[in-house]
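Trainee: Sharing target-v2.cif, mmCIF, C-alpha atoms:
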```
data_target
loop_
_atom_site.label_atom_id
_atom_site.label_comp_id
_atom_site.auth_asym_id
_atom_site.auth_seq_id
_atom_site.Cartn_x
_atom_site.Cartn_y
_atom_site.Cartn_z
CA MET A 22 -22.49 243.24 58.02
CA ALA A 23 -23.10 239.68 59.17
CA PRO A 24 -23.17 237.11 56.49
CA ASN A 25 -26.57 235.66 55.68
CA ASP A 26 -27.39 231.99 55.40
CA SER A 27 -26.82 231.92 51.66
CA ASP A 28 -23.34 233.35 52.04
CA ARG A 29 -22.50 230.79 54.73
CA THR A 30 -23.77 228.03 52.49
CA ALA A 31 -21.77 229.23 49.51
CA GLY A 32 -18.64 229.52 51.67
CA ALA A 33 -19.07 226.01 52.94
CA GLU A 34 -19.45 224.70 49.41
CA ARG A 35 -16.28 226.49 48.33
CA LEU A 36 -14.40 224.95 51.27
CA ARG A 37 -15.69 221.49 50.34
CA ASP A 38 -14.67 222.07 46.71
CA GLU A 39 -11.22 223.24 47.75
CA ALA A 40 -10.87 220.25 50.06
CA ASP A 41 -11.91 217.93 47.24
CA GLU A 42 -9.43 219.57 44.90
CA MET A 43 -6.70 219.18 47.52
CA ARG A 44 -7.55 215.51 47.95
CA VAL A 45 -7.55 215.01 44.18
CA GLY A 46 -4.29 216.92 43.98
CA ARG A 47 -2.74 214.75 46.65
CA ARG A 48 -3.89 211.64 44.82
CA LYS A 49 -2.47 212.97 41.54
CA ALA A 50 0.73 213.95 43.29
CA ALA A 51 0.92 210.51 44.84
CA ARG A 52 0.64 208.93 41.39
CA TYR A 53 3.78 210.86 40.41
CA VAL A 54 5.63 210.86 43.72
CA VAL A 55 5.48 207.09 44.23
CA PRO A 56 7.13 206.24 40.88
CA VAL A 57 9.72 208.96 41.47
CA ALA A 58 10.47 207.42 44.87
CA VAL A 59 10.77 203.96 43.32
CA VAL A 60 13.01 205.29 40.58
CA GLY A 61 15.05 207.08 43.23
CA VAL A 62 15.53 203.92 45.22
CA ALA A 63 16.37 201.99 42.06
CA ALA A 64 18.80 204.68 40.99
CA ALA A 65 20.42 204.62 44.41
CA THR A 66 20.69 200.83 44.24
CA ILE A 67 22.13 200.94 40.74
CA GLY A 68 24.51 203.60 41.92
CA LEU A 69 25.74 201.29 44.65
CA VAL A 70 26.65 198.52 42.22
CA PRO A 71 29.83 200.18 40.93
CA ALA A 72 30.75 201.05 44.50
CA LEU A 73 30.30 197.44 45.60
CA ALA A 74 32.19 196.24 42.56
CA ASP A 75 35.02 198.64 43.31
CA SER A 76 35.29 197.24 46.82
CA GLY A 77 35.74 193.75 45.35
CA ASP A 78 37.88 194.81 42.38
CA PRO A 79 40.46 197.24 43.75
CA SER A 80 42.48 199.51 41.52
CA LEU A 81 46.06 198.23 41.58
CA PRO A 82 49.19 199.00 39.55
CA LYS A 83 49.49 197.06 36.29
CA ILE A 84 51.44 193.84 36.47
CA THR A 85 52.36 191.18 33.91
CA ALA A 86 51.71 187.46 34.34
CA GLN A 87 55.45 186.77 34.58
CA GLN A 88 55.85 189.42 37.26
CA LEU A 89 52.94 187.97 39.21
CA VAL A 90 54.34 184.42 39.02
CA GLU A 91 57.70 185.77 40.20
CA LYS A 92 55.91 187.59 43.02
CA ILE A 93 54.48 184.29 44.22
CA ALA A 94 57.86 182.57 43.94
CA LYS A 95 59.64 185.33 45.87
CA SER A 96 57.03 185.48 48.62
CA ASP A 97 58.73 184.64 51.89
CA VAL A 98 55.99 185.09 54.45
CA GLN A 99 57.05 183.17 57.54
CA GLN A 100 54.18 184.02 59.88
CA LEU A 101 50.45 183.93 59.33
CA SER A 102 47.20 182.76 60.85
CA GLY A 103 43.69 182.63 59.52
CA THR A 104 40.64 180.67 58.47
CA VAL A 105 40.41 178.78 55.18
CA LYS A 106 37.23 177.47 53.59
CA ILE A 107 37.80 174.63 51.16
CA SER A 108 35.16 172.99 48.95
CA THR A 109 35.91 169.96 46.81
CA ASP A 110 33.53 168.40 44.30
CA LEU A 111 35.27 165.67 42.32
CA GLY A 112 31.97 164.06 41.41
CA LEU A 113 32.76 160.94 43.42
CA PRO A 114 29.84 158.64 44.21
CA ASP A 115 28.11 159.32 47.52
CA LEU A 116 28.73 156.33 49.76
CA GLY A 117 26.84 157.83 52.67
CA GLY A 118 29.97 158.30 54.78
CA LEU A 119 31.07 154.70 54.18
CA GLU A 120 34.39 155.83 52.73
CA ASN A 121 35.30 157.62 55.98
CA SER A 122 34.35 154.54 57.99
CA LEU A 123 36.50 152.36 55.74
CA MET A 124 39.52 154.64 56.15
CA SER A 125 39.05 154.79 59.89
CA GLY A 126 38.55 151.04 60.06
CA ALA A 127 41.67 150.44 58.00
CA ALA A 128 43.69 152.57 60.38
CA GLN A 129 42.33 150.73 63.39
CA GLY A 130 42.87 147.36 61.72
CA ASP A 131 46.51 148.23 61.16
CA GLY A 132 46.94 148.90 64.84
CA GLY A 133 46.98 152.56 63.92
CA SER A 134 45.11 155.61 65.13
CA SER A 135 42.04 157.51 63.95
CA ALA A 136 44.21 160.61 64.46
CA ASP A 137 46.73 159.54 61.79
CA PRO A 138 46.97 162.56 59.40
CA GLN A 139 47.46 160.41 56.32
CA SER A 140 43.92 159.08 56.58
CA LYS A 141 42.13 161.83 58.50
CA LEU A 142 42.99 164.75 56.23
CA MET A 143 41.89 162.79 53.17
CA GLU A 144 38.41 163.92 54.19
CA LEU A 145 39.31 167.17 52.43
CA ALA A 146 38.89 165.29 49.14
CA SER A 147 35.13 165.84 49.25
CA GLY A 148 32.58 168.30 50.64
CA THR A 149 33.06 171.69 52.27
CA HIS A 150 35.32 172.15 55.26
CA THR A 151 36.62 174.97 57.43
CA LEU A 152 40.27 175.00 58.49
CA ARG A 153 42.13 177.16 60.94
CA VAL A 154 45.78 177.53 59.96
CA ALA A 155 48.81 179.09 61.60
CA ALA A 156 52.52 179.15 60.82
CA ASP A 157 55.66 180.63 62.35
CA GLY A 158 58.60 179.67 60.20
CA PRO A 159 59.27 176.27 58.61
CA ASP A 160 59.23 174.32 61.89
CA LYS A 161 56.05 175.58 63.53
CA GLY A 162 52.65 175.05 62.00
CA LYS A 163 49.11 174.10 62.88
CA VAL A 164 46.11 173.01 60.80
CA SER A 165 42.77 172.42 62.51
CA LEU A 166 39.82 170.81 60.75
CA LEU A 167 36.65 172.12 62.39
CA GLU A 168 33.83 169.61 62.59
CA SER A 169 30.44 169.64 64.26
CA ALA A 170 31.07 169.46 68.01
CA ALA A 171 34.61 168.24 67.36
CA GLU A 172 38.01 169.36 66.12
CA TYR A 173 40.94 167.62 64.49
CA SER A 174 44.36 169.29 64.65
CA VAL A 175 47.83 168.60 63.32
CA ILE A 176 50.55 170.56 65.10
CA ARG A 177 54.23 170.74 64.26
CA ASN A 178 56.56 172.24 66.83
CA GLY A 179 60.20 171.70 65.98
CA ASN A 180 60.75 168.04 65.17
CA ASP A 181 57.57 166.91 66.91
CA VAL A 182 54.38 166.40 64.93
CA TRP A 183 51.22 165.84 66.93
CA ALA A 184 47.74 165.02 65.63
CA TYR A 185 44.71 165.04 67.91
CA ASP A 186 41.17 163.85 67.18
CA SER A 187 38.86 165.22 69.88
CA LYS A 188 35.99 162.99 68.76
CA SER A 189 37.83 159.76 69.56
CA ASN A 190 40.25 161.34 72.07
CA GLU A 191 43.17 159.80 70.19
CA VAL A 192 46.62 161.27 69.63
CA TYR A 193 49.14 160.45 66.92
CA HIS A 194 52.78 161.45 67.41
CA SER A 195 55.73 161.25 65.05
CA LYS A 196 59.07 162.93 64.41
CA ALA A 197 59.63 165.23 61.43
CA PRO A 198 62.98 164.77 59.68
CA ALA A 199 65.42 167.61 60.23
CA SER A 200 65.70 168.18 56.47
CA ASP A 201 61.96 168.76 56.11
CA GLU A 202 61.64 172.45 55.28
CA ARG A 203 57.93 172.26 54.54
CA ARG A 204 55.95 175.05 56.22
CA GLY A 205 52.94 173.96 58.16
CA ALA A 206 52.04 170.61 59.56
CA ALA A 207 49.79 168.76 57.11
CA PRO A 208 51.05 165.66 55.28
CA LYS A 209 52.89 166.41 52.04
CA ASP A 210 50.28 164.65 49.89
CA VAL A 211 47.42 166.78 51.22
CA PRO A 212 47.68 170.46 50.17
CA SER A 213 45.62 172.41 52.69
CA THR A 214 46.23 176.08 51.86
CA PRO A 215 45.80 178.16 48.70
CA LYS A 216 49.59 178.57 48.47
CA GLU A 217 50.22 174.81 48.47
CA LEU A 218 47.56 174.32 45.80
CA ALA A 219 48.97 177.19 43.73
CA ASP A 220 52.51 175.82 44.00
CA GLU A 221 51.31 172.50 42.59
CA ALA A 222 49.49 174.25 39.73
CA LEU A 223 52.49 176.39 38.81
CA LYS A 224 54.64 173.28 38.44
CA SER A 225 52.62 172.49 35.31
CA VAL A 226 53.22 175.85 33.63
CA ASP A 227 55.00 175.35 30.29
CA ASP A 228 54.40 175.93 26.58
CA THR A 229 51.12 174.01 26.83
CA THR A 230 49.74 176.58 29.27
CA SER A 231 48.22 180.03 28.96
CA VAL A 232 48.99 182.30 31.92
CA THR A 233 47.41 185.75 32.14
CA VAL A 234 46.42 188.38 34.70
CA ASP A 235 42.63 188.42 34.97
CA GLY A 236 41.99 191.64 36.85
CA THR A 237 41.88 192.16 40.60
CA ALA A 238 39.82 191.01 43.57
CA GLN A 239 39.52 191.42 47.30
CA VAL A 240 39.91 188.31 49.42
CA ALA A 241 39.65 188.26 53.21
CA GLY A 242 39.85 192.05 53.18
CA ARG A 243 43.10 192.04 51.17
CA ASP A 244 43.69 193.53 47.71
CA ALA A 245 44.75 190.85 45.26
CA TYR A 246 45.63 190.20 41.63
CA LYS A 247 43.96 187.29 39.83
CA LEU A 248 46.26 184.91 37.95
CA LEU A 249 44.45 182.79 35.34
CA ILE A 250 45.99 179.50 34.23
CA LYS A 251 44.40 177.62 31.30
CA PRO A 252 45.44 174.62 29.19
CA ARG A 253 46.21 175.38 25.55
CA GLN A 254 45.64 171.74 24.60
CA SER A 255 42.37 169.97 23.90
CA GLY A 256 41.35 166.82 25.71
CA SER A 257 42.06 168.07 29.24
CA THR A 258 39.33 167.98 31.87
CA VAL A 259 40.78 171.14 33.43
CA GLY A 260 38.96 174.28 32.33
CA ALA A 261 40.88 176.95 34.22
CA ILE A 262 42.69 177.66 37.46
CA SER A 263 42.31 181.05 39.11
CA VAL A 264 44.69 182.16 41.85
CA ALA A 265 44.08 185.35 43.85
CA VAL A 266 47.51 186.66 44.88
CA ASP A 267 47.93 189.14 47.73
CA ALA A 268 49.15 192.36 46.13
CA LYS A 269 51.44 193.20 49.04
CA THR A 270 52.95 189.89 50.14
CA GLY A 271 52.59 187.68 47.06
CA VAL A 272 50.83 184.99 49.11
CA PRO A 273 48.05 183.14 47.24
CA LEU A 274 44.82 183.87 49.10
CA LYS A 275 42.34 181.90 46.99
CA PHE A 276 42.57 178.97 44.58
CA THR A 277 39.77 177.88 42.25
CA LEU A 278 39.88 175.03 39.74
CA THR A 279 36.94 174.81 37.33
CA PRO A 280 36.39 171.81 35.04
CA ALA A 281 36.22 171.99 31.25
CA GLY A 282 32.75 170.48 31.47
CA GLY A 283 31.43 173.49 33.36
CA GLY A 284 29.47 173.64 36.59
CA ALA A 285 30.71 174.23 40.10
CA ALA A 286 34.41 174.39 40.88
CA VAL A 287 36.19 171.10 41.49
CA VAL A 288 38.34 172.78 44.14
CA ASP A 289 37.67 176.16 45.72
CA ALA A 290 39.93 177.08 48.62
CA GLY A 291 40.39 180.53 50.04
CA PHE A 292 41.07 182.51 53.17
CA THR A 293 38.04 184.09 54.79
CA LYS A 294 40.31 185.66 57.43
CA VAL A 295 44.06 186.15 57.35
CA ASP A 296 46.63 187.88 59.54
CA PHE A 297 50.32 188.11 58.66
CA SER A 298 51.52 188.89 62.19
CA ARG A 299 53.34 186.31 64.31
CA PRO A 300 50.96 183.87 66.04
CA ALA A 301 51.26 183.41 69.79
CA ALA A 302 53.89 180.82 70.72
CA SER A 303 51.26 178.90 72.70
CA THR A 304 49.44 178.17 69.41
CA PHE A 305 51.92 175.39 68.73
CA ASP A 306 52.04 173.90 72.23
CA PHE A 307 50.43 170.49 72.67
CA THR A 308 50.17 168.05 75.54
CA PRO A 309 48.11 164.86 75.15
CA PRO A 310 44.87 165.18 77.15
CA LYS A 311 44.43 162.97 80.17
CA GLY A 312 43.10 159.55 79.19
CA ALA A 313 43.85 159.96 75.48
CA LYS A 314 45.19 157.00 73.53
CA VAL A 315 48.62 157.96 72.15
CA THR A 316 50.03 156.15 69.11
CA GLU A 317 53.67 156.59 68.17
CA GLY A 318 54.05 156.70 64.39
CA ASP A 319 57.70 155.66 64.52
CA ASP A 320 56.80 152.54 66.50
CA LEU A 321 54.26 151.54 63.85
CA GLY A 322 56.89 151.91 61.14
CA LYS A 323 59.32 149.71 63.07
CA GLU A 324 56.61 147.09 63.65
CA LEU A 325 55.81 146.91 59.94
CA GLY A 326 59.51 146.57 59.17
CA ASN A 327 59.88 143.76 61.72
CA HIS A 328 57.10 141.80 60.03
CA ALA A 329 58.97 141.97 56.72
CA ASP A 330 62.30 141.05 58.36
CA LYS A 331 60.75 137.96 59.92
CA GLY A 332 60.00 136.59 56.47
CA ASP A 333 56.24 136.79 56.80
CA LYS A 334 56.10 139.10 53.72
CA GLY A 335 54.52 141.81 55.81
CA GLU A 336 51.40 139.73 56.32
CA GLY A 337 49.41 139.29 59.49
CA ARG A 338 47.13 141.88 61.00
CA HIS A 339 48.79 144.58 58.91
CA GLY A 340 48.11 142.84 55.62
CA LYS A 341 50.57 142.19 52.81
CA LEU A 342 53.07 144.92 52.05
CA PRO A 343 53.08 146.07 48.40
CA GLU A 344 56.02 145.08 46.24
CA ALA A 345 57.91 148.17 45.06
CA SER A 346 59.42 146.49 42.00
CA PRO A 347 58.98 143.31 39.95
CA LYS A 348 60.88 140.17 40.88
CA PRO A 349 63.78 138.97 38.71
CA GLY A 350 62.48 137.40 35.52
CA GLU A 351 59.12 139.12 35.80
CA ASN A 352 57.69 141.49 33.23
CA PRO A 353 59.39 144.86 34.04
CA GLY A 354 56.11 146.57 33.18
CA LYS A 355 54.49 145.18 36.29
CA GLY A 356 54.17 147.44 39.30
CA LEU A 357 54.70 151.18 39.53
CA ASP A 358 58.32 150.87 38.38
CA GLY A 359 56.93 150.19 34.92
CA MET A 360 55.05 153.47 34.87
CA LYS A 361 55.49 155.74 31.87
CA THR A 362 53.94 158.96 30.60
CA ILE A 363 52.18 159.37 27.29
CA GLY A 364 52.00 162.89 25.87
CA GLU A 365 52.89 166.08 27.69
CA GLY A 366 51.43 168.98 29.59
CA TRP A 367 47.79 168.99 30.59
CA SER A 368 46.88 166.11 28.27
CA SER A 369 49.58 163.75 29.59
CA ILE A 370 48.46 160.26 30.56
CA VAL A 371 50.12 157.87 32.99
CA GLU A 372 50.33 154.24 31.86
CA PHE A 373 51.33 151.24 33.93
CA ASP A 374 50.65 147.51 34.09
CA THR A 375 49.22 145.98 37.24
CA GLY A 376 50.38 142.57 36.05
CA GLY A 377 46.94 141.15 36.71
CA GLN A 378 43.41 141.20 35.46
CA GLY A 379 41.27 144.26 35.10
CA VAL A 380 38.11 145.18 36.95
CA PRO A 381 35.84 142.18 37.61
CA SER A 382 32.69 142.37 35.55
CA GLY A 383 29.26 142.33 37.13
CA SER A 384 27.99 139.79 34.64
CA ALA A 385 25.43 137.14 35.28
CA SER A 386 28.21 134.70 36.14
CA ASP A 387 29.63 137.03 38.77
CA ASN A 388 27.06 138.27 41.26
CA SER A 389 29.43 139.31 44.04
CA PRO A 390 28.56 142.63 45.74
CA VAL A 391 32.03 144.03 44.98
CA SER A 392 31.81 143.18 41.29
CA GLY A 393 28.33 144.63 41.02
CA PHE A 394 29.35 147.79 42.84
CA LEU A 395 32.43 148.37 40.67
CA ASP A 396 30.42 147.57 37.57
CA SER A 397 27.87 150.25 38.48
CA LEU A 398 30.56 152.90 38.86
CA GLY A 399 32.44 152.24 35.66
CA ASP A 400 31.71 152.82 31.99
CA HIS A 401 32.58 149.90 29.70
CA VAL A 402 34.59 150.82 26.61
CA SER A 403 36.31 148.94 23.80
CA GLY A 404 38.77 149.61 20.99
CA LYS A 405 41.89 148.21 19.34
CA PHE A 406 43.27 147.56 22.85
CA GLY A 407 40.38 145.24 23.61
CA SER A 408 37.91 146.20 26.31
CA GLY A 409 37.99 147.75 29.73
CA THR A 410 36.29 150.03 32.23
CA VAL A 411 36.63 153.79 32.65
CA PHE A 412 36.18 155.23 36.13
CA SER A 413 35.40 158.92 35.98
CA THR A 414 35.40 161.93 38.25
CA ARG A 415 34.93 165.54 37.22
CA LEU A 416 38.71 165.88 36.98
CA ILE A 417 40.55 162.55 36.86
CA ASN A 418 39.61 159.62 34.64
CA ALA A 419 41.17 156.16 34.61
CA LEU A 420 40.84 153.33 32.10
CA ILE A 421 41.55 149.83 33.40
CA THR A 422 41.74 147.30 30.60
CA ASP A 423 40.61 143.73 31.03
CA ASP A 424 44.23 142.55 30.90
CA GLY A 425 45.28 144.84 33.76
CA LYS A 426 46.77 147.90 32.06
CA VAL A 427 45.91 151.30 33.52
CA TYR A 428 45.71 154.64 31.71
CA ALA A 429 44.93 157.67 33.90
CA GLY A 430 45.04 161.44 33.77
CA ALA A 431 43.14 164.71 33.89
CA VAL A 432 41.86 163.96 30.39
CA THR A 433 38.62 162.92 28.75
CA LYS A 434 37.46 159.34 28.35
CA SER A 435 38.03 159.46 24.60
CA ALA A 436 41.63 160.59 25.17
CA LEU A 437 42.24 157.52 27.34
CA VAL A 438 40.79 155.16 24.74
CA LYS A 439 42.92 156.79 22.04
CA ALA A 440 46.05 156.39 24.17
CA ALA A 441 45.26 152.74 24.87
CA ASP A 442 44.73 152.08 21.14
CA ALA A 443 47.99 153.83 20.23
CA ALA A 444 49.89 151.67 22.73
CA GLN A 445 49.00 148.49 20.87
#
```
Spit out the file's structure as structure tokens when you get a sec.
Mentor:
Amino acid sequence: MAPNDSDRTAGAERLRDEADEMRVGRRKAARYVVPVAVVGVAAATIGLVPALADSGDPSLPKITAQQLVEKIAKSDVQQLSGTVKISTDLGLPDLGGLENSLMSGAAQGDGGSSADPQSKLMELASGTHTLRVAADGPDKGKVSLLESAAEYSVIRNGNDVWAYDSKSNEVYHSKAPASDERRGAAPKDVPSTPKELADEALKSVDDTTSVTVDGTAQVAGRDAYKLLIKPRQSGSTVGAISVAVDAKTGVPLKFTLTPAGGGAAVVDAGFTKVDFSRPAASTFDFTPPKGAKVTEGDDLGKELGNHADKGDKGEGRHGKLPEASPKPGENPGKGLDGMKTIGEGWSSIVEFDTGGQGVPSGSASDNSPVSGFLDSLGDHVSGKFGSGTVFSTRLINALITDDGKVYAGAVTKSALVKAADAAQ
């Protein structure tokens, strides 16, 4: 029997009602499904955190601090190459690049070269820099400082040390002494790898130092232990030093020095890439580019010596040579030969007498630009010793008294004043 109109109408209404219920059901379901989906994503994200942490904190066999220090000391890696990122924040005043210009100008004024490593690599004392390093035994090494649209490299190959500044197209060449067993090519006073920085830090380890193993890490894709070095004494500006040590080779992969005052690291240097296979021999080849100015370091040394031999006291375009020791009859405290150390460990302070006056004051009677500039950088202090000026960085502080005595160290300003008072 065919359905009548009323049946068709009732059926249509039931379909509409069912459709409405389905839509309402979907909306209700959506209200539950969406939060479940969000919770699911959140749960998945939270679940990833331990996995990510595990990738950065590998599970390694237990090791004591003494064993880890010995592992560093016994490390005898002869070949490596890689990329090092180094950031330094000493809290020095921003001179707008003037300091680099002054160093470069000083080198040029001395008849020297802008490629001279002793001045060029001092740029590592501030800012963030990327270095490419390579080594193959004690007599082959290369350090390249990557700059915007330029590169500066120091290469040692046997007894030859070459430095090349692509920006100025200048080359500096000198001979390394046969007894120099230092790996790499950078000047001795400029540590440029985590290992060199770690070696310097470990020299200070004694009874005044706490040395512990602070877990593990992964650096440049390598599993590493973290060695934590902290002063036991008060008054030091050093908060802690952390060294990530390659678990397999014992090579320090990352070095971080944080100040006692908190904030960003003073020095943070670590490999972003590292390879312990032998670099290609061509890495250490160097031939001065065509048209480059080549300065022979040995010739400069001879020229400076000739000035002194001629009785001109090293003066002339090179300036006066510093006196290494006081003259007969002079106060033996004058000059660096009169240097002495106050205290020990991390709170030790170096004291010496310049034999002259202290920092010129920017008073109303002295309006010179130099005096005003120095006055703005220093902090005037006084005590039993008299008065003087403290020049501060985030790590090293120095007190220069008005009568020319200097007290300096990785200690607080108050520690310097106390030392100066005690010396009276």
Trainee: What does the distance between CA of Pro159 in chain A and CA of Pro273 in chain A come to in Å, to one decimal place?
Mentor: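 Distance reported for this atom pair: 17.4 Å.
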Trainee: Would you compute the distance between CA of Ser257 in chain A and CA of Glu144 in chain A? Give it in Å to one decimal.
Mentor: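 A separation of 25.6 Å between them.
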Trainee: At a cut-off of 8 Å, using only C-alpha atoms, what residues contact Gly282 in chain A? Leave out same-chain residues fewer than 5 positions from it and give the result as a JSON list (two decimals) with C-alpha atoms, in the coordinates of the input.
Mentor:
```json
[["chain", "number", "residue", "atom", "x", "y", "z"],
["A", 258, "THR", "CA", 39.33, 167.98, 31.87],
["A", 260, "GLY", "CA", 38.96, 174.28, 32.33],
["A", 415, "ARG", "CA", 34.93, 165.54, 37.22]]
```
Trainee: Find the residues near Ser368 in chain A: any atom within 7 Å, counting only C-alpha atoms, skip ones fewer than 2 places away on the same chain, and give them as a PyMOL selection string.
Mentor: chain A and resi 254+256-257+364-366+370+431-432
Trainee: Show me, as AutoDock Vina command-line options, the centre and edge lengths in Å to one decimal of the axis-aligned box that covers every listed atom of range 254-261 of chain A with 6 Å on each side.
Mentor:
```
--center_x 42.3 --center_y 171.9 --center_z 29.1 --size_x 18.7 --size_y 22.1 --size_z 22.3
```
Trainee: For range 177-181 of chain A, list every protein, DNA or RNA residue within 6 Å, evaluated using only C-alpha atoms, and leave out those in the same chain fewer than 3 positions away; present the list as a tab-separated table (two decimals) with C-alpha atoms, keeping the file's coordinate frame.
Mentor:
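And here's part_38.tsv as it stands now:
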```tsv
chain	number	residue	atom	x	y	z
A	160	ASP	CA	59.23	174.32	61.89
A	161	LYS	CA	56.05	175.58	63.53
A	162	GLY	CA	52.65	175.05	62.00
A	196	LYS	CA	59.07	162.93	64.41
A	197	ALA	CA	59.63	165.23	61.43
A	206	ALA	CA	52.04	170.61	59.56
A	305	PHE	CA	51.92	175.39	68.73
```
Trainee: Going by the chain IDs and residue numbers used in this file, which residues fall under the PyMOL selection byres ((chain A and resi 229) around 12)? Write them as a list of chain:residue names.
Mentor: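 For this structure, the PyMOL selection byres ((chain A and resi 229) around 12) captures A:Ser225, A:Val226, A:Asp227, A:Asp228, A:Thr230, A:Ser231, A:Val232, A:Ile250, A:Lys251, A:Pro252, A:Arg253, A:Gln254, A:Ser255, A:Ser257, A:Gly364, A:Glu365, A:Gly366, A:Trp367, A:Ser368, A:Ser369.
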Trainee: As a check of understanding, name the residues that the PyMOL selection byres ((chain A and resi 89-105) around 7) selects in the supplied structure, as a list in words.
Mentor: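 Applying the expression gives Ile84, Thr85, Ala86, Gln87, Gln88, Lys106, Ile107, Thr151, Leu152, Arg153, Val154, Ala155, Ala156, Asp157, Gly158, Thr270, Gly271, Val272, Ala290, Gly291, Phe292, Thr293, Lys294, Val295, Asp296, Phe297, Ser298, Arg299 and Pro300 of chain A.
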Trainee: Apply the PyMOL selection byres ((chain A and resi 187) around 8) to the file shown and report the selected residues as a list in words.
Mentor: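 For this structure, the PyMOL selection byres ((chain A and resi 187) around 8) resolves to Ala171, Glu172, Tyr173, Tyr185, Asp186, Lys188, Ser189, Asn190 and Glu191 of chain A.
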Trainee: Which residues come within 12 Å of Ala265 in chain A, counting only C-alpha atoms, excluding same-chain residues fewer than 4 positions away, as a PyMOL selection string?
Mentor: chain A and resi 77-78+89-90+93+215-216+218-219+234-241+243-250+269-278+289-292
Trainee: Give me the residues within 8 Å of Val175 in chain A as number ranges by chain, counting only C-alpha atoms and dropping any in the same chain fewer than 3 places off.
Mentor: A: 138, 163-165, 182-185, 206-207
Trainee: Restricting the calculation to only C-alpha atoms, which member of A:Val264, A:Val411, A:Ala419, A:Val287 is positioned closest to Glu217 in chain A?
Mentor: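 Under the stated criterion, the closest residue is A:Val264.
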Trainee: When distances are computed from all atoms listed in the file, which of A:Ala429, A:Val259, A:Leu416, A:Met360 shows the smallest separation from Ala281 in chain A?
Mentor: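 Residue with the minimum atom-to-atom distance to Ala281 in chain A: A:Val259.
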Trainee: Could you tell me how far CA of Asp423 in chain A lies from CA of Gly409 in chain A, in Å and to one decimal?
Mentor: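 Straight-line distance from CA of Asp423 in chain A to CA of Gly409 in chain A works out to 5.0 Å.
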